[in-house]
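**Student:** Hey, dropping upload-v8.txt in here, compact mmCIF, C-alpha atoms:
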```
# COMPACT_ATOMS: atom_id res chain seq x y z
CA ASP A 1 98.49 103.10 108.25
CA SER A 2 99.34 99.39 108.54
CA GLY A 3 99.94 99.52 112.29
CA VAL A 4 103.52 98.31 111.86
CA THR A 5 106.09 100.84 113.03
CA GLN A 6 109.68 100.92 111.86
CA THR A 7 112.40 103.18 113.18
CA PRO A 8 114.40 104.98 112.09
CA LYS A 9 113.01 106.00 108.69
CA HIS A 10 116.44 106.88 107.36
CA LEU A 11 119.91 105.87 108.44
CA ILE A 12 123.21 107.03 107.01
CA THR A 13 126.37 105.36 108.18
CA ALA A 14 129.85 104.37 107.05
CA THR A 15 131.34 101.09 105.93
CA GLY A 16 132.41 98.85 108.75
CA GLN A 17 129.83 100.22 111.16
CA ARG A 18 126.99 98.46 112.92
CA VAL A 19 123.34 99.56 113.00
CA THR A 20 120.11 98.36 114.56
CA LEU A 21 116.73 98.63 112.88
CA ARG A 22 113.62 98.37 115.00
CA CYS A 23 110.15 97.07 114.23
CA SER A 24 106.98 97.12 116.33
CA PRO A 25 104.33 94.78 114.94
CA ARG A 26 100.60 95.41 114.82
CA SER A 27 98.87 94.91 118.11
CA GLY A 28 98.12 91.21 118.53
CA ASP A 29 100.45 90.00 115.78
CA LEU A 30 102.93 87.38 116.91
CA SER A 31 104.95 86.93 113.74
CA VAL A 32 107.51 89.38 112.37
CA TYR A 33 109.28 89.20 109.01
CA TRP A 34 112.25 91.14 107.68
CA TYR A 35 112.86 91.90 104.01
CA GLN A 36 115.53 93.74 102.07
CA GLN A 37 114.90 95.65 98.86
CA SER A 38 117.83 96.89 96.78
CA LEU A 39 118.39 97.82 93.16
CA ASP A 40 120.90 94.98 92.72
CA GLN A 41 119.18 92.14 94.51
CA GLY A 42 115.54 93.15 94.29
CA LEU A 43 113.30 91.99 97.12
CA GLN A 44 114.67 89.34 99.44
CA PHE A 45 113.18 87.63 102.45
CA LEU A 46 115.64 87.71 105.32
CA ILE A 47 114.13 86.10 108.41
CA GLN A 48 110.92 85.39 110.30
CA TYR A 49 110.23 85.28 114.03
CA TYR A 50 107.19 83.93 115.75
CA ASN A 51 106.49 84.67 119.39
CA GLY A 52 110.15 85.21 120.17
CA GLU A 53 111.54 82.24 118.28
CA GLU A 54 113.18 82.13 114.88
CA ARG A 55 110.74 80.49 112.49
CA ALA A 56 112.29 80.72 109.05
CA LYS A 57 115.54 81.95 107.61
CA GLY A 58 115.98 83.27 104.10
CA ASN A 59 118.91 84.99 102.44
CA ILE A 60 120.24 86.60 105.56
CA LEU A 61 123.98 87.24 105.66
CA GLU A 62 126.04 86.04 108.62
CA ARG A 63 126.85 89.69 109.37
CA PHE A 64 123.15 90.25 110.00
CA SER A 65 121.19 89.01 112.97
CA ALA A 66 117.74 89.55 114.35
CA GLN A 67 115.72 88.87 117.43
CA GLN A 68 112.19 89.25 118.73
CA PHE A 69 111.73 90.41 122.27
CA PRO A 70 109.11 89.38 124.86
CA ASP A 71 107.05 92.47 124.00
CA LEU A 72 107.12 91.17 120.39
CA HIS A 73 109.07 94.04 118.90
CA SER A 74 111.95 92.95 116.71
CA GLU A 75 115.38 94.28 115.92
CA LEU A 76 117.56 93.63 112.89
CA ASN A 77 121.25 94.12 113.54
CA LEU A 78 123.55 94.76 110.61
CA SER A 79 127.28 94.73 111.27
CA SER A 80 130.52 95.24 109.33
CA LEU A 81 128.45 97.21 106.86
CA GLU A 82 129.40 97.25 103.21
CA LEU A 83 128.34 99.58 100.40
CA GLY A 84 126.15 96.79 99.04
CA ASP A 85 124.08 96.73 102.21
CA SER A 86 122.51 100.03 101.20
CA ALA A 87 118.86 99.19 100.73
CA LEU A 88 115.35 99.54 102.04
CA TYR A 89 114.62 97.21 104.92
CA PHE A 90 111.00 96.34 105.50
CA CYS A 91 109.42 94.68 108.46
CA ALA A 92 106.04 92.98 108.26
CA SER A 93 103.82 91.32 110.82
CA SER A 94 101.02 88.79 110.78
CA VAL A 95 98.75 87.14 113.30
CA ASP A 96 100.75 83.92 113.41
CA PHE A 97 103.09 81.88 111.24
CA GLN A 98 100.44 80.38 108.95
CA PRO A 99 101.18 81.25 105.29
CA LYS A 100 97.52 82.03 104.68
CA ASN A 101 97.66 85.09 106.89
CA ILE A 102 98.13 88.47 105.28
CA GLN A 103 101.32 90.31 106.17
CA TYR A 104 101.16 93.99 107.05
CA PHE A 105 104.21 96.02 106.15
CA GLY A 106 105.90 98.91 107.86
CA ALA A 107 107.05 101.98 105.97
CA GLY A 108 110.62 100.74 105.89
CA THR A 109 114.05 101.95 106.93
CA ARG A 110 116.24 103.35 104.19
CA LEU A 111 119.86 102.51 104.95
CA SER A 112 122.64 104.33 103.15
CA VAL A 113 126.17 103.05 103.67
CA LEU A 114 128.81 105.53 102.54
CA GLU B 1 116.56 76.00 93.42
CA LEU B 2 113.34 77.98 93.45
CA LYS B 3 113.31 80.79 90.90
CA VAL B 4 110.49 83.17 90.10
CA GLU B 5 110.01 84.92 86.80
CA GLN B 6 107.49 87.65 86.16
CA ASN B 7 106.46 89.03 82.85
CA PRO B 8 106.12 91.53 81.54
CA LEU B 9 108.48 93.64 83.61
CA PHE B 10 106.92 96.82 82.35
CA LEU B 11 103.41 97.39 81.09
CA SER B 12 101.81 100.56 79.86
CA MET B 13 98.13 100.31 79.19
CA GLN B 14 95.06 102.42 78.62
CA GLU B 15 92.34 102.87 81.19
CA GLY B 16 89.45 100.53 80.64
CA LYS B 17 91.55 97.72 79.15
CA ASN B 18 92.15 94.26 80.58
CA TYR B 19 95.55 92.72 81.03
CA THR B 20 97.34 89.86 82.77
CA ILE B 21 100.65 89.65 84.61
CA TYR B 22 102.28 86.23 84.64
CA CYS B 23 104.35 84.68 87.40
CA ASN B 24 106.20 81.44 86.70
CA TYR B 25 108.14 79.53 89.31
CA SER B 26 110.68 76.82 88.71
CA THR B 27 110.13 74.16 91.37
CA THR B 28 107.61 73.05 93.95
CA SER B 29 106.00 75.85 95.89
CA ASP B 30 103.36 75.62 98.57
CA ARG B 31 102.25 79.24 98.51
CA LEU B 32 102.15 82.15 96.13
CA TYR B 33 101.92 85.79 97.15
CA TRP B 34 101.06 88.96 95.26
CA TYR B 35 102.06 92.39 96.49
CA ARG B 36 101.64 95.96 95.34
CA GLN B 37 104.19 98.72 95.79
CA ASP B 38 103.54 102.37 94.99
CA PRO B 39 106.59 104.51 94.08
CA GLY B 40 108.61 105.35 97.17
CA LYS B 41 106.23 103.42 99.40
CA SER B 42 106.14 100.16 101.25
CA LEU B 43 104.60 96.89 100.17
CA GLU B 44 100.95 96.00 100.42
CA SER B 45 99.86 92.36 100.52
CA LEU B 46 97.21 91.63 97.92
CA PHE B 47 96.65 87.88 97.78
CA VAL B 48 97.92 84.61 99.19
CA LEU B 49 97.20 81.52 97.08
CA LEU B 50 97.73 78.14 98.69
CA SER B 51 96.25 75.45 96.49
CA ASN B 52 95.91 74.44 92.87
CA GLY B 53 93.02 76.21 91.23
CA ALA B 54 92.82 78.88 93.92
CA VAL B 55 91.28 82.12 92.73
CA LYS B 56 90.99 85.31 94.72
CA GLN B 57 89.49 88.63 93.70
CA GLU B 58 89.58 92.11 95.12
CA GLY B 59 87.99 94.86 93.10
CA ARG B 60 89.50 94.91 89.61
CA LEU B 61 92.28 92.46 90.51
CA MET B 62 91.97 88.71 90.32
CA ALA B 63 94.74 86.23 91.09
CA SER B 64 94.83 82.55 90.25
CA LEU B 65 97.19 79.65 90.78
CA ASP B 66 97.94 76.61 88.64
CA THR B 67 100.42 74.49 90.57
CA LYS B 68 100.76 71.94 87.78
CA ALA B 69 101.89 74.61 85.33
CA ARG B 70 103.78 76.40 88.12
CA LEU B 71 102.02 79.56 87.08
CA SER B 72 100.12 82.31 88.80
CA THR B 73 98.37 85.14 87.05
CA LEU B 74 97.20 88.55 88.18
CA HIS B 75 94.40 89.76 85.96
CA ILE B 76 93.42 93.41 85.81
CA THR B 77 89.92 94.17 84.62
CA ALA B 78 88.95 97.57 83.18
CA ALA B 79 92.11 99.21 84.47
CA VAL B 80 91.95 102.57 86.20
CA HIS B 81 94.78 105.01 86.83
CA ASP B 82 94.82 104.23 90.58
CA LEU B 83 96.10 100.75 89.82
CA SER B 84 99.39 102.16 88.54
CA ALA B 85 102.08 100.57 90.73
CA THR B 86 104.67 97.82 90.74
CA TYR B 87 103.29 94.35 91.36
CA PHE B 88 105.44 91.58 92.78
CA CYS B 89 104.76 87.90 93.03
CA ALA B 90 106.64 85.64 95.42
CA ALA B 91 106.69 81.88 95.72
CA GLY B 92 107.40 80.06 98.94
CA TYR B 93 108.46 76.57 99.93
CA ASN B 94 109.44 75.61 103.45
CA ASP B 95 111.67 78.43 104.66
CA LYS B 96 112.23 79.99 101.29
CA ILE B 97 110.31 82.96 99.88
CA ILE B 98 111.59 84.06 96.47
CA PHE B 99 110.37 87.23 94.78
CA GLY B 100 109.99 88.03 91.13
CA LYS B 101 111.55 91.21 89.77
CA GLY B 102 108.22 93.00 89.72
CA THR B 103 105.97 94.31 86.97
CA ARG B 104 105.81 98.07 86.71
CA LEU B 105 102.29 98.91 85.59
CA HIS B 106 101.55 102.32 84.15
CA ILE B 107 97.93 103.05 83.31
CA LEU B 108 97.34 105.95 81.00
CA PRO B 109 94.19 108.04 81.51
```
Represent the structure of the file as C-alpha cells.

**Tutor:**
Amino acid sequence: DSGVTQTPKHLITATGQRVTLRCSPRSGDLSVYWYQQSLDQGLQFLIQYYNGEERAKGNILERFSAQQFPDLHSELNLSSLELGDSALYFCASSVDFQPKNIQYFGAGTRLSVL
Amino acid sequence: ELKVEQNPLFLSMQEGKNYTIYCNYSTTSDRLYWYRQDPGKSLESLFVLLSNGAVKQEGRLMASLDTKARLSTLHITAAVHDLSATYFCAAGYNDKIIFGKGTRLHILP
C-alpha cells in the first residue's frame, strides 16, 4: 500500500458529461501529480501541484482542470468528456517538488466514457 | 521537442540471464525516471537519475544515465520470474515529463 488513495476506482459515464477524480496524498507529502494512461497515448503527465499551487503543467487538455485543497487532497475535473478520454488516471505524491524525490502512486481511477 | 524511445518494447528471457533495456531521449533532459508496472496495477517508482554518470541499484536492477549520449539503461542481473512486468522510462525537462512506450518483460522460469 503506497499510502496514496484515489477514488473512485471505476467510473462509467457518457460523452459530454463531467466527472471529478479525487486523490489523497501520503501523510506529509505536499506535492501531487496527475497522469493519464491510455492505449492510444500511453502514459502522459498531466499536472503537478505543490502545497496548493500549480507547479508544472504537462499535456493537460483545456477541458481538464485540477486543484489542490488546503488539506492537500487534489481533484482532477474532466468535462465535456469524449470517448478518447477513457483511460486510467493515476495520482502520485511526493514529499516536495524536488525531482529527486520518489513519487508514490495511487491505485488509479479507471474511466470509461460510453 | 523532447521524445523518449525505449527498446526493446517486448523482451522474453530465461531466468538467470542478464539483459539491458535502453532508453534514448532526443533533447536536453535534467532528470530520468524508471518505473515498474505489473499487469492491471499502478506504477511503482524505481529510480530517479539526475546527473551524468549517475548509477543506482536496487536488488537485481541497476539504472545508469549518460547525458552526453542521451541514454539511460536499466540492467537486469540474473533475472527471476518476479521481475516480469512492464518497465517505463521517462525524461523530464522543466515542466515536461515524457514517457517511453514501455518495455514488457516476460521472464520464463

**Student:** Residues of chain B no more than 6 Å from chain A, counting only C-alpha atoms: send them over as a ChimeraX atom specification.

**Tutor:** /B:42,95-96

**Student:** Excluding Leu9 of chain B and residues on its chain fewer than 5 positions from it, collect all residues at most 8 Å away from it, counting all atoms listed in the file, and give them as a list in words.

**Tutor:**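 Surrounding residues, per the criterion: Lys101, Gly102, Thr103 and Arg104 of chain B.
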
**Student:** Limited to C-alpha atoms, could you put the picked residues into a file as a short mmCIF file (atom, residue, chain, number, x, y, z; two decimals), keeping the file's coordinate frame?

**Tutor:**
```
data_model
loop_
_atom_site.label_atom_id
_atom_site.label_comp_id
_atom_site.auth_asym_id
_atom_site.auth_seq_id
_atom_site.Cartn_x
_atom_site.Cartn_y
_atom_site.Cartn_z
CA LYS B 101 111.55 91.21 89.77
CA GLY B 102 108.22 93.00 89.72
CA THR B 103 105.97 94.31 86.97
CA ARG B 104 105.81 98.07 86.71
#
```

**Student:** Which residues come within 8 Å of Leu105 of chain B, counting all atoms listed in the file, excluding same-chain residues fewer than 4 positions away, as a PyMOL selection string?

**Tutor:** chain B and resi 10-13+83-87

**Student:** Here is a test: counting only C-alpha atoms, which residue of A:Val19, A:Leu11, A:Val32, A:Leu114 is nearest to Leu83 of chain A?

**Tutor:** A:Leu114

**Student:** Just the number, please: distance in Å from atom CA of Ser93 of chain A to atom CA of Val4 of chain A, one decimal.

**Tutor:** 7.1 Å

**Student:** So how far away is atom CA of Glu58 of chain B from atom CA of Gln14 of chain B, in Å?

**Tutor:** 20.2 Å

**Student:** Which residue out of B:Ala78, B:Ile21, B:Cys89, B:Leu49 has the minimum interatomic distance to Arg36 of chain B when all atoms listed in the file are used?

**Tutor:**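 For Arg36 of chain B, the nearest of the candidates is B:Cys89.
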
**Student:** Quick one: residues within 10 Å of (100.6, 86.7, 119.3) (file frame), counting only C-alpha atoms, please, as a PyMOL selection string.

**Tutor:** chain A and resi 25-31+50-52+71-72+94-97

**Student:** Select, from A:Ser79, A:Thr13, A:Thr5, A:Ser74, the residue with the minimum atom-to-atom distance to Leu61 of chain A, counting only C-alpha atoms.

**Tutor:**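 Closest residue, counting only C-alpha atoms: A:Ser79.
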
**Student:** At a cut-off of 6 Å, using all atoms listed in the file, what residues contact segment 64-72 of chain B? Leave out same-chain residues fewer than 6 positions from it and give the result as a list in words.

**Tutor:**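 Final neighbour list, sorted by chain and number: Cys23, Asn24, Tyr25, Asn52, Gly53, Ala54 and Val55 of chain B.
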
**Student:** Box for segment 37-43 of chain B: with edges along x, y and z, all listed atoms inside and 5 Å added on each side, what are the centre and edge lengths in Å to one decimal, as lines of an AutoDock Vina configuration file?

**Tutor:**
```
center_x = 106.1
center_y = 101.1
center_z = 97.7
size_x = 15.1
size_y = 18.5
size_z = 17.2
```

**Student:** My list of candidates is B:Arg31, B:Lys41, B:Lys17, B:His75. Which is closest to Ile97 of chain B when distances are computed with only C-alpha atoms?

**Tutor:**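 Checking each candidate against Ile97 of chain B, we get B:Arg31 as the closest.
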
**Student:** What is the distance between atom CA of Ile76 of chain B and atom CA of Gln6 of chain B, in Å to one decimal?

**Tutor:**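 Pair atom CA of Ile76 of chain B / atom CA of Gln6 of chain B returns 15.2 Å.
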
**Student:** Extract, using all atoms listed in the file, all DNA, RNA and protein residues at most 10 Å from Asp82 of chain B, discarding same-chain residues fewer than 3 positions from it, and format them as a list in words.

**Tutor:**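 Near Asp82 of chain B, the qualifying residues are Glu15, Asp38, Ala79, Ala85, His106, Ile107 and Pro109 of chain B.
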
**Student:** Those selected residues, please, written with C-alpha atoms and delivered as a PDB file, keeping the file's coordinate frame.

**Tutor:**
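This went into again.pdb:
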```pdb
ATOM      1  CA  GLU B  15      92.340 102.870  81.190  1.00  0.00           C
ATOM      2  CA  ASP B  38     103.540 102.370  94.990  1.00  0.00           C
ATOM      3  CA  ALA B  79      92.110  99.210  84.470  1.00  0.00           C
ATOM      4  CA  ALA B  85     102.080 100.570  90.730  1.00  0.00           C
ATOM      5  CA  HIS B 106     101.550 102.320  84.150  1.00  0.00           C
ATOM      6  CA  ILE B 107      97.930 103.050  83.310  1.00  0.00           C
ATOM      7  CA  PRO B 109      94.190 108.040  81.510  1.00  0.00           C
TER       8      PRO B 109
END
```

**Student:** Of the candidates A:Cys23, A:Glu82, A:Ala87, A:Val113, which one gets nearest to Phe69 of chain A if we count all atoms listed in the file?

**Tutor:**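 Closest candidate: A:Cys23.
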